file final02.txt (compact mmCIF, C-alpha atoms)
# COMPACT_ATOMS: atom_id res chain seq x y z
CA GLU A 1 -7.91 22.74 -10.53
CA ASP A 2 -10.42 25.54 -11.01
CA LYS A 3 -13.03 23.08 -12.25
CA LEU A 4 -12.37 20.83 -9.26
CA ALA A 5 -12.80 23.71 -6.82
CA ARG A 6 -16.03 24.88 -8.48
CA ALA A 7 -17.47 21.36 -8.54
CA LEU A 8 -16.76 20.81 -4.85
CA GLU A 9 -18.19 24.22 -3.96
CA ALA A 10 -21.35 23.26 -5.85
CA GLY A 11 -21.72 20.21 -3.60
CA ALA A 12 -20.38 17.40 -5.80
CA ASP A 13 -19.78 14.14 -3.94
CA PHE A 14 -17.20 13.07 -6.53
CA VAL A 15 -15.53 14.92 -9.38
CA LYS A 16 -14.57 12.88 -12.44
CA PHE A 17 -11.84 13.83 -14.89
CA ALA A 18 -11.61 11.74 -18.07
CA THR A 19 -9.40 12.83 -20.94
CA LEU A 20 -7.38 11.49 -23.84
CA ALA A 21 -3.76 10.55 -23.06
CA GLU A 22 -1.88 9.59 -26.18
CA ASP A 23 1.63 10.36 -24.96
CA LEU A 24 3.65 10.14 -21.77
CA ALA A 25 3.37 13.87 -21.07
CA ASP A 26 -0.44 13.61 -21.03
CA TYR A 27 -0.33 10.67 -18.63
CA ARG A 28 2.16 12.35 -16.31
CA ARG A 29 -0.06 15.43 -16.03
CA LEU A 30 -2.95 13.21 -14.95
CA ALA A 31 -0.76 11.29 -12.50
CA ASP A 32 0.61 14.52 -10.96
CA PHE A 33 -2.90 15.97 -10.70
CA THR A 34 -4.14 12.81 -8.98
CA ARG A 35 -1.24 12.85 -6.50
CA GLU A 36 -1.69 16.53 -5.69
CA HIS A 37 -5.42 16.11 -4.95
CA LYS A 38 -5.43 12.60 -3.50
CA GLU A 39 -7.21 13.76 -0.34
CA LYS A 40 -10.16 15.03 -2.39
CA PRO A 41 -13.03 12.93 -3.83
CA ILE A 42 -11.70 12.68 -7.37
CA ILE A 43 -12.00 10.06 -10.09
CA VAL A 44 -9.30 10.31 -12.75
CA VAL A 45 -9.05 8.13 -15.86
CA ALA A 46 -7.34 8.38 -19.23
CA MET A 47 -8.54 7.19 -22.60
CA GLY A 48 -6.40 6.17 -25.54
CA ARG A 49 -2.92 4.67 -25.42
CA TYR A 50 -2.33 5.31 -21.72
CA GLY A 51 -5.86 4.35 -20.74
CA PRO A 52 -5.04 0.83 -19.46
CA LEU A 53 -2.15 2.13 -17.36
CA SER A 54 -4.33 4.85 -15.84
CA ARG A 55 -7.06 2.37 -14.86
CA ILE A 56 -4.59 0.35 -12.79
CA VAL A 57 -2.14 2.95 -11.42
CA LEU A 58 -4.19 6.09 -10.74
CA PRO A 59 -6.35 4.43 -8.04
CA ARG A 60 -3.12 3.82 -6.10
CA LEU A 61 -2.20 7.50 -6.46
CA GLY A 62 -5.54 8.83 -5.25
CA SER A 63 -8.36 8.23 -7.75
CA ARG A 64 -11.34 6.85 -5.83
CA LEU A 65 -12.36 4.20 -8.38
CA THR A 66 -11.60 2.78 -11.79
CA TYR A 67 -13.58 1.47 -14.76
CA ALA A 68 -13.61 -1.79 -16.69
CA HIS A 69 -15.82 -3.30 -19.36
CA ALA A 70 -17.90 -6.41 -18.70
CA GLY A 71 -18.48 -7.39 -22.31
CA LYS A 72 -17.14 -6.33 -25.68
CA GLN A 73 -15.47 -2.93 -25.64
CA VAL A 74 -17.31 -0.71 -28.12
CA ALA A 75 -14.91 2.24 -28.16
CA ASP A 76 -11.24 2.98 -27.63
CA LEU A 77 -11.74 4.07 -24.05
CA GLY A 78 -8.57 2.47 -22.78
CA GLN A 79 -10.48 0.09 -20.55
CA LEU A 80 -9.39 -3.38 -19.59
CA SER A 81 -11.94 -6.12 -19.10
CA TYR A 82 -13.36 -6.68 -15.63
CA LEU A 83 -11.44 -9.95 -15.32
CA GLU A 84 -8.14 -8.31 -16.36
CA THR A 85 -8.69 -5.41 -13.98
CA HIS A 86 -9.65 -7.72 -11.13
CA ASP A 87 -6.55 -9.84 -11.78
CA TYR A 88 -4.24 -6.81 -11.70
CA PHE A 89 -5.80 -5.51 -8.51
CA GLU A 90 -5.56 -8.91 -6.82
CA ARG A 91 -1.87 -9.15 -7.67
CA ILE A 92 -0.77 -5.55 -7.23
CA TYR A 93 -2.94 -4.06 -4.51
CA ARG A 94 -2.72 -5.37 -1.02
CA ARG A 95 -4.36 -4.09 2.12
CA ILE A 96 -1.98 -1.36 3.25
CA PRO A 97 -2.57 -0.66 6.97
CA GLU A 98 -3.06 2.92 8.06
CA LYS A 99 -0.39 2.56 10.73
CA PRO A 100 1.84 -0.48 10.10
CA GLU A 101 3.15 -1.94 13.34
CA LEU A 102 6.77 -2.93 12.84
CA SER A 103 9.31 -3.92 15.44
CA ARG A 104 12.59 -2.07 15.74
CA TYR A 105 14.27 -5.04 14.09
CA GLU A 106 11.85 -4.94 11.15
CA ILE A 107 12.38 -1.21 10.65
CA THR A 108 16.14 -1.79 10.66
CA LEU A 109 15.70 -4.55 8.09
CA LEU A 110 13.60 -2.23 5.93
CA GLU A 111 16.31 0.43 6.20
CA LEU A 112 18.96 -2.04 5.06
CA ILE A 113 16.84 -3.20 2.13
CA SER A 114 16.18 0.40 1.10
CA HIS A 115 19.94 0.92 0.97
CA GLY A 116 20.33 -1.96 -1.46
CA HIS A 117 21.31 -4.78 0.87
CA ASN A 118 20.50 -8.33 -0.20
CA TYR A 119 19.77 -11.29 2.06
CA ILE A 120 23.46 -12.07 2.52
CA THR A 121 24.71 -8.57 3.38
CA ALA A 122 21.65 -7.86 5.52
CA SER A 123 22.22 -11.08 7.46
CA GLU A 124 25.81 -10.02 8.15
CA ALA A 125 24.67 -6.61 9.39
CA LEU A 126 22.03 -8.17 11.64
CA SER A 127 24.12 -11.19 12.77
CA SER A 128 21.60 -13.54 11.23
CA THR A 129 21.41 -15.97 8.31
CA PRO A 130 20.28 -15.35 4.71
CA GLY A 131 17.44 -17.84 5.18
CA THR A 132 16.18 -16.04 8.26
CA ILE A 133 16.38 -12.67 6.51
CA ARG A 134 14.42 -14.09 3.58
CA GLU A 135 11.61 -15.23 5.88
CA ASP A 136 11.68 -12.02 7.89
CA SER A 137 11.42 -10.04 4.65
CA LYS A 138 8.26 -11.95 3.73
CA THR A 139 6.77 -11.08 7.12
CA LEU A 140 7.81 -7.46 6.63
CA ARG A 141 6.11 -7.26 3.22
CA HIS A 142 2.97 -8.83 4.65
CA LYS A 143 2.78 -6.29 7.49
CA LEU A 144 3.22 -3.41 5.04
CA GLY A 145 0.81 -4.79 2.47
CA ALA A 146 3.66 -4.73 -0.06
CA ARG A 147 3.99 -7.05 -3.01
CA ASN A 148 7.78 -6.88 -3.22
CA MET A 149 10.69 -4.96 -1.73
CA PRO A 150 10.60 -1.90 -4.03
CA SER A 151 6.95 -1.38 -3.07
CA ALA A 152 7.82 -2.02 0.60
CA VAL A 153 10.36 0.81 0.45
CA ARG A 154 7.81 3.18 -1.08
CA ILE A 155 5.21 2.30 1.57
CA GLY A 156 7.88 2.74 4.24
CA PHE A 157 8.39 6.35 3.15
CA GLU A 158 4.66 6.97 2.70
CA LYS A 159 3.98 5.82 6.27
CA GLY A 160 6.91 7.66 7.84
CA LEU A 161 8.79 4.49 8.75
CA LEU A 162 11.67 5.55 6.52
CA ILE A 163 12.97 9.11 6.60
CA PRO A 164 14.98 10.66 3.75
CA GLN A 165 18.50 10.96 5.10
CA SER A 166 19.82 13.47 2.59
CA GLN A 167 19.00 15.20 -0.64
CA GLN A 168 21.03 14.37 -3.72
CA THR A 169 23.65 17.07 -4.21
CA ASP A 170 24.14 16.33 -7.91
CA LYS A 171 21.10 16.80 -10.10
CA VAL A 172 20.19 13.49 -11.71
CA ASN A 173 18.83 13.76 -15.22
CA LEU A 174 16.26 10.99 -15.39
CA PRO A 175 14.18 11.03 -18.60
CA PRO A 176 10.38 10.83 -18.19
CA TYR A 177 10.16 7.22 -19.44
CA LYS A 178 12.68 6.14 -16.78
CA GLN A 179 10.81 8.04 -14.10
CA MET A 180 7.60 6.29 -15.06
CA GLU A 181 9.21 2.85 -15.10
CA LEU A 182 10.65 3.48 -11.64
CA GLU A 183 7.29 4.64 -10.34
CA LEU A 184 5.65 1.48 -11.66
CA ALA A 185 8.35 -0.58 -9.98
CA SER A 186 7.76 1.27 -6.70
CA LEU A 187 4.07 0.40 -6.92
CA GLY A 188 4.94 -3.28 -7.19
CA LEU A 189 4.50 -3.87 -10.91
CA THR A 190 6.79 -6.39 -12.55
CA LYS A 191 8.52 -5.70 -15.85
CA ILE A 192 6.03 -7.98 -17.63
CA GLU A 193 3.07 -6.09 -16.15
CA SER A 194 4.65 -2.73 -16.93
CA SER A 195 5.26 -3.68 -20.56
CA ALA A 196 1.68 -4.94 -20.96
CA LEU A 197 0.07 -1.82 -19.50
CA ARG A 198 2.37 0.56 -21.37
CA GLY A 199 1.99 -1.26 -24.67
CA VAL A 200 5.73 -1.85 -25.11
CA THR A 201 7.86 -4.98 -25.33
CA TYR A 202 9.20 -6.74 -22.28
CA LYS A 203 12.74 -5.93 -23.46
CA THR A 204 11.90 -2.21 -23.54
CA ALA A 205 10.57 -2.27 -19.97
CA LYS A 206 13.51 -4.37 -18.78
CA ASN A 207 16.07 -2.04 -20.36
CA ALA A 208 14.33 1.04 -18.96
CA ARG A 209 14.39 -0.39 -15.44
CA SER A 210 18.02 -1.55 -15.58
CA ARG A 211 19.18 1.77 -17.08
CA THR A 212 17.32 3.67 -14.38
CA ILE A 213 19.12 1.70 -11.69
CA SER A 214 22.44 2.42 -13.43
CA THR A 215 21.70 6.14 -13.84
CA LEU A 216 20.98 6.47 -10.13
CA ASN A 217 24.07 4.40 -9.20
CA ALA A 218 21.77 2.13 -7.24
CA ARG A 219 22.48 -1.43 -6.18
CA ASN A 220 19.03 -2.71 -7.08
CA THR A 221 15.45 -1.52 -7.67
CA ALA A 222 14.60 -1.08 -3.98
CA HIS A 223 17.69 1.10 -3.55
CA ALA A 224 16.77 3.08 -6.68
CA VAL A 225 13.34 3.81 -5.19
CA ARG A 226 14.95 5.25 -2.07
CA LEU A 227 17.45 7.36 -4.01
CA ALA A 228 14.70 8.69 -6.30
CA ILE A 229 12.53 9.66 -3.33
CA GLU A 230 15.43 11.42 -1.62
CA ALA A 231 16.25 13.27 -4.84
CA GLY A 232 12.65 14.37 -5.32
CA ILE A 233 12.40 12.43 -8.58
CA LEU A 234 9.82 10.00 -7.27
CA LYS A 235 6.89 11.85 -5.72
CA LEU A 236 4.65 10.20 -3.15
call {"tool": "encode", "arguments": {"input": "final02.txt", "output": "structure tokens"}}
result
Amino acid sequence: EDKLARALEAGADFVKFATLAEDLADYRRLADFTREHKEKPIIVVAMGRYGPLSRIVLPRLGSRLTYAHAGKQVADLGQLSYLETHDYFERIYRRIPEKPELSRYEITLLELISHGHNYITASEALSSTPGTIREDSKTLRHKLGARNMPSAVRIGFEKGLLIPQSQQTDKVNLPPYKQMELELASLGLTKIESSALRGVTYKTAKNARSRTISTLNARNTAHAVRLAIEAGILKL
């Protein structure tokens, strides 16, 4: 933080931080730093094992740009190829509007989804049909720039459309690897994408996500995202 302040005082347009991240603790420090200073002109990347993950996720948390290699990678910088990076960004990042315009009905639907309702239970609450709720959910995701419902819930909180109703009274002990898997889910990454970027098997990512939902006593991933935000586990 001291280096960032001194660089900005010296007139830097952007301040780049690049460091080795060989374990989860290293990556989490970079992610927390990026979140805390997301309003400042920072570029944050990791090298090593968590390099690929940092190149895709940190721009969503506040880093102003990322890096990729156009040809053969000559060093273990943790970079993905340009085509891989472009593919991830096309699939994961949508145009999130500054002020999403949702109707009262759509906000109510988002609330229900954030509480773990599926198409059937949401349709009962809204006196509708599961098919209609499915189509309305697609429209809702499109308006929010969300890839799926867990990411829609996160964006809903980020934009003030959803308000934490209460803080968890019982402290939930969520190990760091579960916290990271839930954060990746809230950013719209699938279990396959998470496993590829983290360098673990699909089974490992799947088990981490399902165990996180169980630990939080959530109905599904979207509900887990809400509970984690309300408990202060998932930071925006």
call {"tool": "residues_around", "arguments": {"input": "final02.txt", "residues": "A:Gln165", "least_positions_apart": "3", "cutoff": "12 Å", "atoms": "only C-alpha atoms", "output": "number ranges by chain"}}
result
A: 111, 114-115, 157, 162, 168, 226-227, 229-231
call {"tool": "write_last_selection", "arguments": {"input": "final02.txt", "atoms": "C-alpha atoms", "output": "CSV table (one decimal), in the frame of the given file"}}
result
chain,number,residue,atom,x,y,z
A,111,GLU,CA,16.3,0.4,6.2
A,114,SER,CA,16.2,0.4,1.1
A,115,HIS,CA,19.9,0.9,1.0
A,157,PHE,CA,8.4,6.4,3.2
A,162,LEU,CA,11.7,5.6,6.5
A,168,GLN,CA,21.0,14.4,-3.7
A,226,ARG,CA,15.0,5.2,-2.1
A,227,LEU,CA,17.4,7.4,-4.0
A,229,ILE,CA,12.5,9.7,-3.3
A,230,GLU,CA,15.4,11.4,-1.6
A,231,ALA,CA,16.2,13.3,-4.8
call {"tool": "closest_residue", "arguments": {"input": "final02.txt", "among": "A:Pro130, A:Gly48, A:Gly199, A:Gly156", "to": "A:Asp26", "atoms": "all atoms listed in the file"}}
result
A:Gly48
call {"tool": "residues_around", "arguments": {"input": "final02.txt", "residues": "A:Arg219", "least_positions_apart": "4", "cutoff": "8 Å", "atoms": "all atoms listed in the file", "output": "PyMOL selection string"}}
result
chain A and resi 115-117+213+223-224
call {"tool": "atom_distance", "arguments": {"input": "final02.txt", "atom1": "atom CA of A:Arg28", "atom2": "atom CA of A:Leu58"}}
result
10.5 Å
call {"tool": "residues_near_point", "arguments": {"input": "final02.txt", "point": "(16.7, -10.1, 11.0)", "cutoff": "9 Å", "atoms": "all atoms listed in the file", "output": "PDB file with C-alpha atoms, in the coordinates of the input"}}
result
ATOM      1  CA  TYR A 105      14.270  -5.040  14.090  1.00  0.00           C
ATOM      2  CA  GLU A 106      11.850  -4.940  11.150  1.00  0.00           C
ATOM      3  CA  THR A 108      16.140  -1.790  10.660  1.00  0.00           C
ATOM      4  CA  LEU A 109      15.700  -4.550   8.090  1.00  0.00           C
ATOM      5  CA  ALA A 122      21.650  -7.860   5.520  1.00  0.00           C
ATOM      6  CA  SER A 123      22.220 -11.080   7.460  1.00  0.00           C
ATOM      7  CA  ALA A 125      24.670  -6.610   9.390  1.00  0.00           C
ATOM      8  CA  LEU A 126      22.030  -8.170  11.640  1.00  0.00           C
ATOM      9  CA  SER A 127      24.120 -11.190  12.770  1.00  0.00           C
ATOM     10  CA  SER A 128      21.600 -13.540  11.230  1.00  0.00           C
ATOM     11  CA  THR A 129      21.410 -15.970   8.310  1.00  0.00           C
ATOM     12  CA  PRO A 130      20.280 -15.350   4.710  1.00  0.00           C
ATOM     13  CA  THR A 132      16.180 -16.040   8.260  1.00  0.00           C
ATOM     14  CA  ILE A 133      16.380 -12.670   6.510  1.00  0.00           C
ATOM     15  CA  ARG A 134      14.420 -14.090   3.580  1.00  0.00           C
ATOM     16  CA  GLU A 135      11.610 -15.230   5.880  1.00  0.00           C
ATOM     17  CA  ASP A 136      11.680 -12.020   7.890  1.00  0.00           C
ATOM     18  CA  SER A 137      11.420 -10.040   4.650  1.00  0.00           C
TER      19      SER A 137
END
call {"tool": "atom_distance", "arguments": {"input": "final02.txt", "atom1": "atom CA of A:Leu182", "atom2": "atom CA of A:Val45"}}
result
20.7 Å
call {"tool": "atom_distance", "arguments": {"input": "final02.txt", "atom1": "atom CA of A:Pro59", "atom2": "atom CA of A:Thr215"}}
result
28.7 Å
call {"tool": "residues_around", "arguments": {"input": "final02.txt", "residues": "A:Leu65", "least_positions_apart": "4", "cutoff": "12 Å", "atoms": "all atoms listed in the file", "output": "list in words"}}
result
Phe14, Val15, Lys16, Phe17, Thr34, Lys38, Pro41, Ile42, Ile43, Val44, Val45, Ser54, Arg55, Ile56, Val57, Leu58, Pro59, Arg60, Leu61, Thr85 and Phe89 of chain A
call {"tool": "closest_residue", "arguments": {"input": "final02.txt", "among": "A:Gln79, A:Ser151, A:Thr139, A:Asn217", "to": "A:Leu184", "atoms": "only C-alpha atoms"}}
result
A:Ser151
